[in-house]
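Participant: Structure file entry.cif, mmCIF, C-alpha atoms and all ligand atoms, is pasted below:
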```cif
data_target
loop_
_atom_site.label_atom_id
_atom_site.label_comp_id
_atom_site.auth_asym_id
_atom_site.auth_seq_id
_atom_site.Cartn_x
_atom_site.Cartn_y
_atom_site.Cartn_z
CA MET A 24 0.00 0.00 0.00
CA LEU A 25 1.17 3.53 -0.76
CA GLY A 26 1.16 6.05 2.07
CA LYS A 27 -1.29 8.98 1.79
CA ASN A 28 1.47 11.45 0.80
CA LYS A 29 2.87 9.11 -1.84
CA SER A 30 -0.60 8.55 -3.35
CA TYR A 31 -1.04 12.32 -3.63
CA LEU A 32 2.36 12.60 -5.27
CA LEU A 33 1.54 9.84 -7.76
CA ALA A 34 -1.88 11.34 -8.54
CA GLY A 35 -0.24 14.77 -9.02
CA PHE A 36 2.37 13.29 -11.35
CA LEU A 37 -0.25 11.48 -13.46
CA LEU A 38 -2.37 14.64 -13.65
CA GLY A 39 0.72 16.59 -14.79
CA VAL A 40 1.43 14.06 -17.54
CA LEU A 41 -2.20 14.11 -18.66
CA LEU A 42 -2.33 17.89 -18.69
CA SER A 43 0.90 18.36 -20.62
CA THR A 44 0.05 15.76 -23.26
CA GLY A 45 -3.54 17.05 -23.41
CA VAL A 46 -2.31 20.61 -23.90
CA PHE A 47 0.03 19.39 -26.63
CA ALA A 48 -2.78 17.53 -28.38
CA LEU A 49 -5.01 20.61 -28.25
CA CYS A 50 -2.86 22.82 -30.43
CA VAL A 51 -0.69 20.40 -32.36
CA ARG A 52 -2.66 18.04 -34.53
CA HIS A 53 -0.93 14.92 -35.75
CA PHE A 54 -1.89 13.83 -39.24
CA ASN A 55 -1.48 10.64 -41.19
CA SER A 56 1.42 10.94 -43.54
CA ASP A 57 4.28 8.89 -44.71
CA PRO A 58 6.99 10.37 -42.55
CA GLN A 59 10.45 10.46 -44.01
CA ASN A 60 13.56 11.55 -42.15
CA GLY A 61 11.98 10.40 -38.90
CA GLY A 62 9.40 13.24 -38.93
CA SER A 63 6.23 12.53 -37.01
CA GLY A 64 3.56 14.21 -39.16
CA LEU A 65 2.14 17.17 -37.32
CA VAL A 66 0.32 20.44 -37.87
CA LEU A 67 1.35 23.63 -36.07
CA LYS A 68 -1.32 26.34 -36.05
CA LEU A 69 -0.28 29.99 -36.23
CA GLY A 70 -2.65 32.95 -35.76
CA HIS A 71 -1.91 36.61 -36.59
CA SER A 72 -3.77 39.86 -37.23
CA LEU A 73 -2.48 41.00 -40.63
CA ASP A 74 -3.88 40.60 -44.12
CA GLN A 75 -2.70 37.98 -46.61
CA GLN A 76 -1.02 40.52 -48.92
CA HIS A 77 1.07 42.00 -46.09
CA PRO A 78 4.85 41.32 -46.36
CA VAL A 79 4.82 39.76 -42.89
CA HIS A 80 2.18 37.25 -43.98
CA LEU A 81 4.23 36.50 -47.13
CA ALA A 82 7.23 35.76 -44.91
CA LEU A 83 5.14 33.37 -42.80
CA GLU A 84 4.08 31.58 -45.98
CA HIS A 85 7.75 31.33 -46.88
CA MET A 86 8.36 29.78 -43.46
CA ALA A 87 5.58 27.23 -44.06
CA GLU A 88 7.19 26.25 -47.38
CA ARG A 89 10.64 25.92 -45.86
CA LEU A 90 9.28 23.82 -43.02
CA GLN A 91 7.47 21.60 -45.47
CA GLN A 92 10.68 21.10 -47.47
CA LYS A 93 12.92 20.52 -44.45
CA SER A 94 10.51 17.99 -42.96
CA ALA A 95 9.73 16.27 -46.28
CA GLY A 96 6.08 17.14 -45.78
CA THR A 97 5.78 15.82 -42.25
CA VAL A 98 5.41 19.19 -40.48
CA GLU A 99 2.73 21.59 -41.66
CA LEU A 100 2.47 25.22 -40.58
CA GLN A 101 -1.19 26.24 -40.85
CA ILE A 102 -1.58 30.03 -40.92
CA PHE A 103 -4.76 31.84 -39.83
CA PRO A 104 -4.47 35.55 -40.84
CA ASN A 105 -6.75 38.56 -40.23
CA GLY A 106 -7.28 37.95 -36.53
CA GLN A 107 -9.36 34.82 -37.21
CA LEU A 108 -8.07 33.26 -34.00
CA GLY A 109 -8.41 36.44 -31.90
CA SER A 110 -6.59 39.71 -31.22
CA GLU A 111 -2.83 39.73 -30.64
CA THR A 112 -3.28 39.73 -26.85
CA GLU A 113 -5.78 36.86 -27.09
CA CYS A 114 -3.40 34.82 -29.27
CA ILE A 115 -0.54 35.36 -26.80
CA GLU A 116 -2.80 34.12 -23.99
CA GLN A 117 -3.77 31.06 -26.04
CA LEU A 118 -0.07 30.25 -26.46
CA GLN A 119 0.43 30.45 -22.70
CA ARG A 120 -2.45 28.04 -22.13
CA GLY A 121 -1.12 25.78 -24.89
CA ALA A 122 -4.38 26.20 -26.85
CA LEU A 123 -2.51 27.60 -29.88
CA ALA A 124 0.98 26.63 -31.08
CA MET A 125 2.27 29.87 -32.62
CA THR A 126 1.53 33.53 -33.16
CA LYS A 127 3.10 36.49 -34.91
CA THR A 128 2.45 39.61 -32.91
CA SER A 129 3.74 43.13 -32.59
CA THR A 130 6.10 43.40 -29.60
CA ALA A 131 3.84 46.21 -28.26
CA PRO A 132 1.12 44.05 -26.61
CA LEU A 133 3.84 41.71 -25.34
CA GLU A 134 4.93 44.34 -22.82
CA SER A 135 1.92 43.48 -20.60
CA PHE A 136 3.41 39.98 -20.28
CA LEU A 137 7.10 40.95 -20.23
CA PRO A 138 7.73 44.60 -19.26
CA GLU A 139 11.21 44.64 -20.89
CA PHE A 140 9.51 44.58 -24.30
CA SER A 141 8.38 48.17 -23.76
CA ILE A 142 11.90 49.04 -24.96
CA PHE A 143 10.68 48.78 -28.55
CA GLY A 144 7.98 51.39 -27.94
CA VAL A 145 10.53 54.00 -26.81
CA PRO A 146 10.23 56.84 -29.34
CA TYR A 147 13.10 57.73 -31.66
CA LEU A 148 15.34 55.08 -30.11
CA PHE A 149 16.85 53.61 -33.25
CA ARG A 150 18.93 55.73 -35.59
CA ASP A 151 17.86 53.78 -38.67
CA ASP A 152 16.92 50.35 -39.93
CA GLU A 153 20.48 49.01 -39.75
CA HIS A 154 20.77 50.06 -36.10
CA ALA A 155 17.43 48.39 -35.29
CA TRP A 156 18.48 45.15 -36.98
CA ARG A 157 21.77 45.11 -35.08
CA VAL A 158 19.67 45.14 -31.91
CA TYR A 159 17.18 42.46 -33.05
CA THR A 160 19.90 40.02 -34.13
CA GLY A 161 22.47 40.98 -31.48
CA GLU A 162 22.86 40.28 -27.76
CA ILE A 163 19.91 42.41 -26.61
CA GLY A 164 17.50 40.92 -29.15
CA LYS A 165 18.53 37.39 -28.17
CA GLU A 166 18.25 38.10 -24.43
CA LEU A 167 14.69 39.34 -24.97
CA LEU A 168 13.70 36.37 -27.14
CA GLN A 169 14.79 34.09 -24.29
CA LYS A 170 12.89 36.11 -21.65
CA GLY A 171 9.66 34.72 -23.05
CA SER A 172 10.20 31.31 -21.48
CA GLU A 173 9.53 32.91 -18.05
CA VAL A 174 5.88 33.30 -19.11
CA GLY A 175 5.39 30.23 -21.32
CA LEU A 176 6.34 31.92 -24.61
CA ARG A 177 9.38 31.11 -26.69
CA GLY A 178 10.63 33.83 -29.05
CA LEU A 179 11.81 32.47 -32.41
CA CYS A 180 12.75 35.63 -34.33
CA TYR A 181 11.88 39.25 -35.03
CA LEU A 182 10.24 40.46 -38.22
CA ASP A 183 10.62 43.96 -39.59
CA ALA A 184 7.71 46.29 -38.96
CA GLY A 185 9.50 49.45 -40.12
CA ALA A 186 8.65 52.76 -38.47
CA ARG A 187 5.22 53.86 -37.25
CA SER A 188 3.71 57.18 -38.33
CA PHE A 189 0.41 59.00 -37.80
CA TYR A 190 -2.50 58.95 -40.23
CA THR A 191 -5.73 60.82 -39.81
CA VAL A 192 -9.15 61.11 -41.39
CA ASN A 193 -9.11 64.79 -42.24
CA LYS A 194 -6.26 66.77 -40.70
CA PRO A 195 -2.55 66.61 -41.57
CA ILE A 196 -0.21 66.18 -38.60
CA LEU A 197 2.71 68.51 -39.24
CA LYS A 198 3.67 69.21 -35.61
CA PRO A 199 2.73 67.66 -32.25
CA ASP A 200 0.21 70.44 -31.62
CA ASP A 201 -1.88 69.14 -34.52
CA LEU A 202 -2.68 66.03 -32.47
CA LYS A 203 -4.44 68.12 -29.79
CA GLY A 204 -8.04 67.01 -29.34
CA LEU A 205 -7.65 64.04 -31.69
CA LYS A 206 -8.55 60.53 -30.62
CA ILE A 207 -5.75 58.30 -31.87
CA ARG A 208 -6.05 54.53 -31.86
CA VAL A 209 -3.09 52.85 -30.17
CA GLN A 210 -2.06 49.23 -29.66
CA GLU A 211 -2.78 47.53 -26.34
CA SER A 212 0.40 48.96 -24.83
CA GLN A 213 1.06 51.38 -21.98
CA THR A 214 4.08 52.83 -23.80
CA ALA A 215 2.02 53.56 -26.92
CA MET A 216 -0.58 55.32 -24.74
CA GLU A 217 2.11 57.44 -23.05
CA LEU A 218 3.64 58.37 -26.38
CA VAL A 219 0.42 59.70 -27.89
CA GLU A 220 -0.43 61.48 -24.64
CA ALA A 221 3.03 63.10 -24.54
CA LEU A 222 2.42 64.41 -28.05
CA GLY A 223 -0.92 65.92 -27.03
CA GLY A 224 -3.37 63.40 -28.55
CA SER A 225 -5.98 61.25 -26.76
CA PRO A 226 -4.85 57.60 -26.97
CA THR A 227 -7.61 55.06 -27.56
CA PRO A 228 -6.56 51.39 -27.34
CA MET A 229 -8.32 49.11 -29.79
CA SER A 230 -7.45 45.84 -31.50
CA PHE A 231 -6.13 46.08 -35.06
CA GLY A 232 -9.09 44.11 -36.39
CA GLU A 233 -11.56 46.69 -35.06
CA LEU A 234 -9.71 49.70 -36.38
CA TYR A 235 -11.18 50.05 -39.87
CA THR A 236 -14.71 50.27 -38.46
CA GLY A 237 -13.45 52.48 -35.62
CA LEU A 238 -12.11 54.99 -38.15
CA GLN A 239 -15.13 54.76 -40.38
CA GLN A 240 -17.60 55.31 -37.55
CA GLY A 241 -15.60 58.19 -36.05
CA MET A 242 -14.75 56.35 -32.82
CA VAL A 243 -11.20 57.54 -33.48
CA ASP A 244 -9.84 60.37 -35.65
CA GLY A 245 -6.68 58.59 -36.66
CA ALA A 246 -4.13 55.94 -35.87
CA GLU A 247 -0.43 55.18 -36.33
CA ASN A 248 1.26 52.31 -38.09
CA ASN A 249 3.79 51.35 -40.75
CA PRO A 250 2.87 51.98 -44.42
CA PRO A 251 2.29 48.30 -45.39
CA SER A 252 -0.28 47.90 -42.59
CA PHE A 253 -1.94 51.25 -43.44
CA TYR A 254 -2.27 49.93 -46.97
CA SER A 255 -3.12 46.25 -46.58
CA ASN A 256 -5.95 46.89 -44.12
CA ARG A 257 -7.29 49.60 -46.40
CA HIS A 258 -7.21 52.33 -43.74
CA PHE A 259 -6.27 54.70 -46.58
CA GLU A 260 -9.88 54.51 -47.75
CA VAL A 261 -10.88 56.50 -44.66
CA CYS A 262 -7.67 58.35 -43.72
CA LYS A 263 -6.46 60.76 -46.37
CA HIS A 264 -3.42 62.17 -44.50
CA LEU A 265 -0.27 60.22 -43.72
CA SER A 266 2.51 62.08 -41.84
CA LEU A 267 5.82 60.25 -41.92
CA ASP A 268 7.02 61.36 -38.48
CA GLU A 269 8.35 57.80 -37.83
CA HIS A 270 8.04 58.09 -34.05
CA ALA A 271 8.82 54.45 -33.17
CA ARG A 272 10.19 51.25 -34.67
CA VAL A 273 8.19 48.50 -33.01
CA PRO A 274 9.17 45.14 -34.53
CA ASP A 275 7.00 42.07 -34.87
CA ILE A 276 7.97 38.84 -33.17
CA LEU A 277 7.27 35.20 -33.87
CA LEU A 278 6.33 33.22 -30.75
CA ILE A 279 5.77 29.53 -30.08
CA SER A 280 4.06 28.16 -26.99
CA GLU A 281 6.75 26.93 -24.60
CA SER A 282 4.71 23.78 -23.77
CA VAL A 283 4.40 22.93 -27.48
CA TRP A 284 8.09 23.60 -28.06
CA LYS A 285 9.14 21.29 -25.23
CA ASN A 286 7.10 18.47 -26.73
CA LEU A 287 8.69 18.74 -30.18
CA PRO A 288 11.52 16.30 -30.93
CA PRO A 289 14.90 18.11 -31.18
CA HIS A 290 15.14 17.68 -34.96
CA VAL A 291 11.69 19.27 -35.42
CA GLN A 292 12.70 22.12 -33.11
CA GLN A 293 15.71 22.67 -35.36
CA TRP A 294 13.56 22.74 -38.52
CA VAL A 295 11.16 25.24 -36.92
CA GLN A 296 13.96 27.54 -35.76
CA GLU A 297 15.77 27.40 -39.11
CA ALA A 298 12.57 28.04 -41.07
CA ALA A 299 11.79 31.03 -38.80
CA ASP A 300 15.27 32.50 -39.33
CA GLU A 301 14.94 32.07 -43.09
CA ALA A 302 11.52 33.78 -43.02
CA ALA A 303 13.05 36.75 -41.17
CA GLU A 304 15.80 37.09 -43.82
CA PHE A 305 13.24 36.82 -46.61
CA GLN A 306 10.99 39.44 -45.05
CA ARG A 307 13.83 41.86 -44.35
CA GLU A 308 14.60 42.01 -48.06
CA LEU A 309 10.95 42.37 -48.98
CA TRP A 310 10.13 45.14 -46.51
CA GLU A 311 11.81 48.13 -48.10
CA GLU A 312 10.51 47.28 -51.56
CA LYS A 313 6.91 46.81 -50.31
CA THR A 314 7.01 50.01 -48.25
CA ALA A 315 8.08 52.07 -51.27
CA GLU A 316 5.42 50.36 -53.39
CA VAL A 317 2.52 51.03 -51.01
CA LEU A 318 3.53 54.67 -50.51
CA GLU A 319 3.06 55.08 -54.27
CA ASP A 320 -0.21 53.17 -54.19
CA VAL A 321 -1.84 55.17 -51.39
CA GLN A 322 -1.04 58.43 -53.17
CA LYS A 323 -2.84 57.09 -56.23
CA GLU A 324 -5.79 56.50 -53.89
CA GLY A 325 -5.83 60.18 -52.94
CA VAL A 326 -3.74 60.14 -49.76
CA THR A 327 -1.51 63.17 -49.08
CA ILE A 328 1.86 62.23 -47.61
CA ASP A 329 3.64 64.77 -45.42
CA HIS A 330 7.22 64.70 -44.13
CA PRO A 331 7.08 66.70 -40.90
CA ASP A 332 10.14 67.84 -38.98
CA LYS A 333 10.82 64.80 -36.76
CA SER A 334 12.89 66.80 -34.27
CA LEU A 335 9.70 68.60 -33.11
CA PHE A 336 8.17 65.26 -32.13
CA ALA A 337 11.40 63.87 -30.63
CA GLU A 338 11.79 66.99 -28.47
CA GLN A 339 8.24 66.70 -27.14
CA VAL A 340 8.62 63.03 -26.07
CA LYS A 341 12.04 63.55 -24.44
CA PRO A 342 10.65 63.70 -20.85
CA MET A 343 9.00 60.31 -21.45
CA VAL A 344 12.38 58.83 -22.36
CA ASP A 345 14.29 60.69 -19.60
CA LYS A 346 11.89 59.26 -17.03
CA LEU A 347 13.24 55.78 -17.81
CA LYS A 348 16.69 56.61 -16.38
CA GLY A 349 17.74 54.11 -13.71
CA THR A 350 15.08 51.53 -14.66
CA PRO A 351 15.81 48.20 -16.44
CA VAL A 352 14.29 49.63 -19.65
CA GLY A 353 16.39 52.78 -19.19
CA ASP A 354 19.50 50.57 -19.01
CA LEU A 355 18.46 48.94 -22.28
CA VAL A 356 18.01 52.39 -23.83
CA ASN A 357 21.63 53.20 -22.90
CA ARG A 358 22.95 49.91 -24.25
CA ILE A 359 21.08 50.43 -27.52
CA ARG A 360 22.27 54.02 -27.91
CA GLU A 361 25.86 52.93 -27.34
CA LEU A 362 25.69 50.35 -30.13
CA PRO A 363 27.40 51.56 -33.31
C1 LIG A 401 1.71 46.42 -37.02
C2 LIG A 401 2.04 45.02 -36.63
C3 LIG A 401 0.80 44.23 -36.33
C4 LIG A 401 -0.10 44.96 -35.36
C5 LIG A 401 -0.39 46.34 -35.85
C6 LIG A 401 -1.23 47.15 -34.86
O1 LIG A 401 1.12 46.45 -38.27
O2 LIG A 401 2.74 44.38 -37.67
O3 LIG A 401 1.20 43.01 -35.78
O4 LIG A 401 -1.31 44.28 -35.20
O5 LIG A 401 0.82 47.01 -36.08
O6 LIG A 401 -1.11 48.36 -34.87
O7 LIG A 401 -2.01 46.56 -34.10
#
```
For this file, write the structure as structure tokens.
Ligand code: GCU
Facilitator:
Amino acid sequence: MLGKNKSYLLAGFLLGVLLSTGVFALCVRHFNSDPQNGGSGLVLKLGHSLDQQHPVHLALEHMAERLQQKSAGTVELQIFPNGQLGSETECIEQLQRGALAMTKTSTAPLESFLPEFSIFGVPYLFRDDEHAWRVYTGEIGKELLQKGSEVGLRGLCYLDAGARSFYTVNKPILKPDDLKGLKIRVQESQTAMELVEALGGSPTPMSFGELYTGLQQGMVDGAENNPPSFYSNRHFEVCKHLSLDEHARVPDILLISESVWKNLPPHVQQWVQEAADEAAEFQRELWEEKTAEVLEDVQKEGVTIDHPDKSLFAEQVKPMVDKLKGTPVGDLVNRIRELP
């Protein structure tokens, strides 16, 4: 006979095994295939909020192809775009519960789960694209990708999301003062709220999927995003002014549920990581070309593009950045600024 304590221990252990395999089965579907190379035949589901023509979605499709090739058809990446599986915050939560295998999200909503990620919302932090990429692929970027495991999320790679700028329904933003009295949609991020507030606007958090209707129905007067997202979600149909003030470079990130990751055989983990890295390379090359293309396209659709003096905006948000001194995010700001 087992003692009472030992029976509890055994029951707890069995429950743990059941839960972890159950969680795995929930979001990773095995399928019948003829596995070669020792692959086990499985489907990984990935949810994200962007449209199918967006360069980030194209990169995820590239990842699916690479994974299919590497695994000789035994691992399938099934992509659900356009917020079909929920908002970015909801997808992150599903990963934590193990109800969804993967998501591609902006790093902005991730800061509610891991405060260090607010670093990417710090305005005018990166000098240019090259500087930003040195951070994503360098020591700091890697440290942050690993942080995710503390909250059940494994970071695979960053994807370029360029620089974010304001766009409005009917008023050009040429200086911070022009934002006064305007309701501006922001991501679900405290840093994004602070930024818009510091510039004089009224920040209104809303999921990306709700934004088109929000703009159309006058719930907000404008928003801020990178040009490919402004274009692919057709916000240009409602907003006729785009001001390239480029206040923040907030990258996207590809996450996999830590519980799913742990249950993948090491060779599958390697395929997934390699395919993610290749998707990031692919997307980095595509980004600049697509951004230039959509800026042309939106002008043809009647959008006026302005190039305001960025130093006016940077000056106004300086107290927000200075306030970070002596905090862990402030230390990251210093490390990033010191990078060549
Ligand atoms: C960017 C980002 C998306 C995000 C969107 C937003 O476009 O790539 O992942 O959903 O910003 O503003 O919500």
Participant: What do you get as an MDAnalysis selection string if you pick all residues at most 9 Å from ligand LIG 401 (chain A), counting all atoms listed in the file?
Facilitator: chainID A and resid 71:73 77 79 106 110:111 127:132 182:185 187 208:211 229:232 234 246:253 273:276
Participant: Per residue of segment 118-177 of chain A within 12 Å of segment 303-309 of chain A, what are the shortest atom pair and its distance in Å to one decimal, counting all atoms listed in the file, with rows by chain and residue number, as JSON lines?
Facilitator:
```
{"residue": "A:Lys127", "atom": "CA", "partner": "A:Ala303", "partner_atom": "CA", "distance": 11.8}
{"residue": "A:Asp152", "atom": "CA", "partner": "A:Arg307", "partner_atom": "CA", "distance": 10.1}
{"residue": "A:Glu153", "atom": "CA", "partner": "A:Arg307", "partner_atom": "CA", "distance": 10.8}
{"residue": "A:Ala155", "atom": "CA", "partner": "A:Arg307", "partner_atom": "CA", "distance": 11.7}
{"residue": "A:Trp156", "atom": "CA", "partner": "A:Arg307", "partner_atom": "CA", "distance": 9.3}
{"residue": "A:Tyr159", "atom": "CA", "partner": "A:Ala303", "partner_atom": "CA", "distance": 10.8}
{"residue": "A:Thr160", "atom": "CA", "partner": "A:Ala303", "partner_atom": "CA", "distance": 10.4}
```
Participant: For the residues in that selection, give me C-alpha atoms as a short mmCIF file (atom, residue, chain, number, x, y, z; two decimals), in the frame of the given file.
Facilitator:
```cif
data_model
loop_
_atom_site.label_atom_id
_atom_site.label_comp_id
_atom_site.auth_asym_id
_atom_site.auth_seq_id
_atom_site.Cartn_x
_atom_site.Cartn_y
_atom_site.Cartn_z
CA LYS A 127 3.10 36.49 -34.91
CA ASP A 152 16.92 50.35 -39.93
CA GLU A 153 20.48 49.01 -39.75
CA ALA A 155 17.43 48.39 -35.29
CA TRP A 156 18.48 45.15 -36.98
CA TYR A 159 17.18 42.46 -33.05
CA THR A 160 19.90 40.02 -34.13
#
```
Participant: If we count all atoms listed in the file, what is near Leu347 of chain A at a cut-off of 12 Å, once residues fewer than 4 positions away on the same chain are taken out, given as a list in words?
Facilitator: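 Near Leu347 of chain A, the qualifying residues are Glu139, Ser141, Ile142, Val145, Pro146, Thr214, Val340, Lys341, Pro342, Met343, Pro351, Val352, Gly353, Asp354, Leu355, Val356 and Asn357 of chain A.
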Participant: Identify which of the residues A:Phe143, A:Gly245, A:Leu238, A:Ala337 lies closest to Ala221 of chain A, counting all atoms listed in the file when measuring atom-to-atom distances.
Facilitator: A:Ala337
Participant: Which residues are close to segment 257-261 of chain A, i.e. within 9 Å by all atoms listed in the file, leaving aside same-chain residues fewer than 4 positions away? Reply as number ranges by chain.
Facilitator: A: 190-193, 234-235, 238-239, 252-253, 265, 321, 324-326
Participant: Take the residues that were just selected and, keeping C-alpha atoms, output them as a short mmCIF file (atom, residue, chain, number, x, y, z; two decimals), in the coordinates of the input.
Facilitator:
```
data_model
loop_
_atom_site.label_atom_id
_atom_site.label_comp_id
_atom_site.auth_asym_id
_atom_site.auth_seq_id
_atom_site.Cartn_x
_atom_site.Cartn_y
_atom_site.Cartn_z
CA TYR A 190 -2.50 58.95 -40.23
CA THR A 191 -5.73 60.82 -39.81
CA VAL A 192 -9.15 61.11 -41.39
CA ASN A 193 -9.11 64.79 -42.24
CA LEU A 234 -9.71 49.70 -36.38
CA TYR A 235 -11.18 50.05 -39.87
CA LEU A 238 -12.11 54.99 -38.15
CA GLN A 239 -15.13 54.76 -40.38
CA SER A 252 -0.28 47.90 -42.59
CA PHE A 253 -1.94 51.25 -43.44
CA LEU A 265 -0.27 60.22 -43.72
CA VAL A 321 -1.84 55.17 -51.39
CA GLU A 324 -5.79 56.50 -53.89
CA GLY A 325 -5.83 60.18 -52.94
CA VAL A 326 -3.74 60.14 -49.76
#
```
Participant: Can you list, as a PyMOL selection string, every protein, DNA or RNA residue that comes within 8 Å of Cys180 of chain A when you count all atoms listed in the file, leaving out same-chain residues fewer than 6 positions away?
Facilitator: chain A and resi 168+276-278+299-300+303
Participant: Output C-alpha atoms for every residue in that selection, as a PDB file, keeping the file's coordinate frame.
Facilitator:
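Written output follows (out.pdb):
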```pdb
ATOM      1  CA  LEU A 168      13.700  36.370 -27.140  1.00  0.00           C
ATOM      2  CA  ILE A 276       7.970  38.840 -33.170  1.00  0.00           C
ATOM      3  CA  LEU A 277       7.270  35.200 -33.870  1.00  0.00           C
ATOM      4  CA  LEU A 278       6.330  33.220 -30.750  1.00  0.00           C
ATOM      5  CA  ALA A 299      11.790  31.030 -38.800  1.00  0.00           C
ATOM      6  CA  ASP A 300      15.270  32.500 -39.330  1.00  0.00           C
ATOM      7  CA  ALA A 303      13.050  36.750 -41.170  1.00  0.00           C
TER       8      ALA A 303
END
```
Participant: Closest to Glu217 of chain A among A:Lys323, A:Phe149, A:Lys346, A:His330, using only C-alpha atoms?
Facilitator: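 Going through A:Lys323, A:Phe149, A:Lys346, A:His330 one by one, the smallest distance to Glu217 of chain A is for A:Lys346.
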Participant: Quick one, how far is atom CA of Leu118 of chain A from atom CA of Glu88 of chain A?
Facilitator: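 These two atoms are separated by 22.5 Å.
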Participant: Interatomic distance between atom CA of Ala95 of chain A and atom CA of Leu67 of chain A?
Facilitator: 15.1 Å
Participant: Considering all atoms listed in the file, can you say which of A:Gln292, A:Ser282, A:Gln91, A:Gln339 comes closest to Gln117 of chain A?
Facilitator: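 Looking at the shortest contact to Gln117 of chain A, the residue is A:Ser282.
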Participant: Rank nothing, just name the residue among A:Ile163, A:Met242, A:Ala87, A:Ile102 nearest to Gly70 of chain A, using all atoms listed in the file.
Facilitator: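 Answer, going by the shortest atom-to-atom distance: A:Ile102.
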Participant: Identify which of the residues A:Lys348, A:Leu90, A:Thr112, A:Pro78 lies closest to Glu312 of chain A, counting only C-alpha atoms when measuring atom-to-atom distances.
Facilitator: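 Result for the nearest residue to Glu312 of chain A: A:Pro78.
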Participant: What's the separation between atom CA of Ile359 of chain A and atom CA of Ala186 of chain A, in Å to one decimal place?
Facilitator: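 These atoms are spaced 16.7 Å apart.
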Participant: Pick from A:Glu316, A:Glu162, A:Glu220, A:Asp244: nearest to Ile207 of chain A, with all atoms listed in the file counted?
Facilitator: A:Asp244
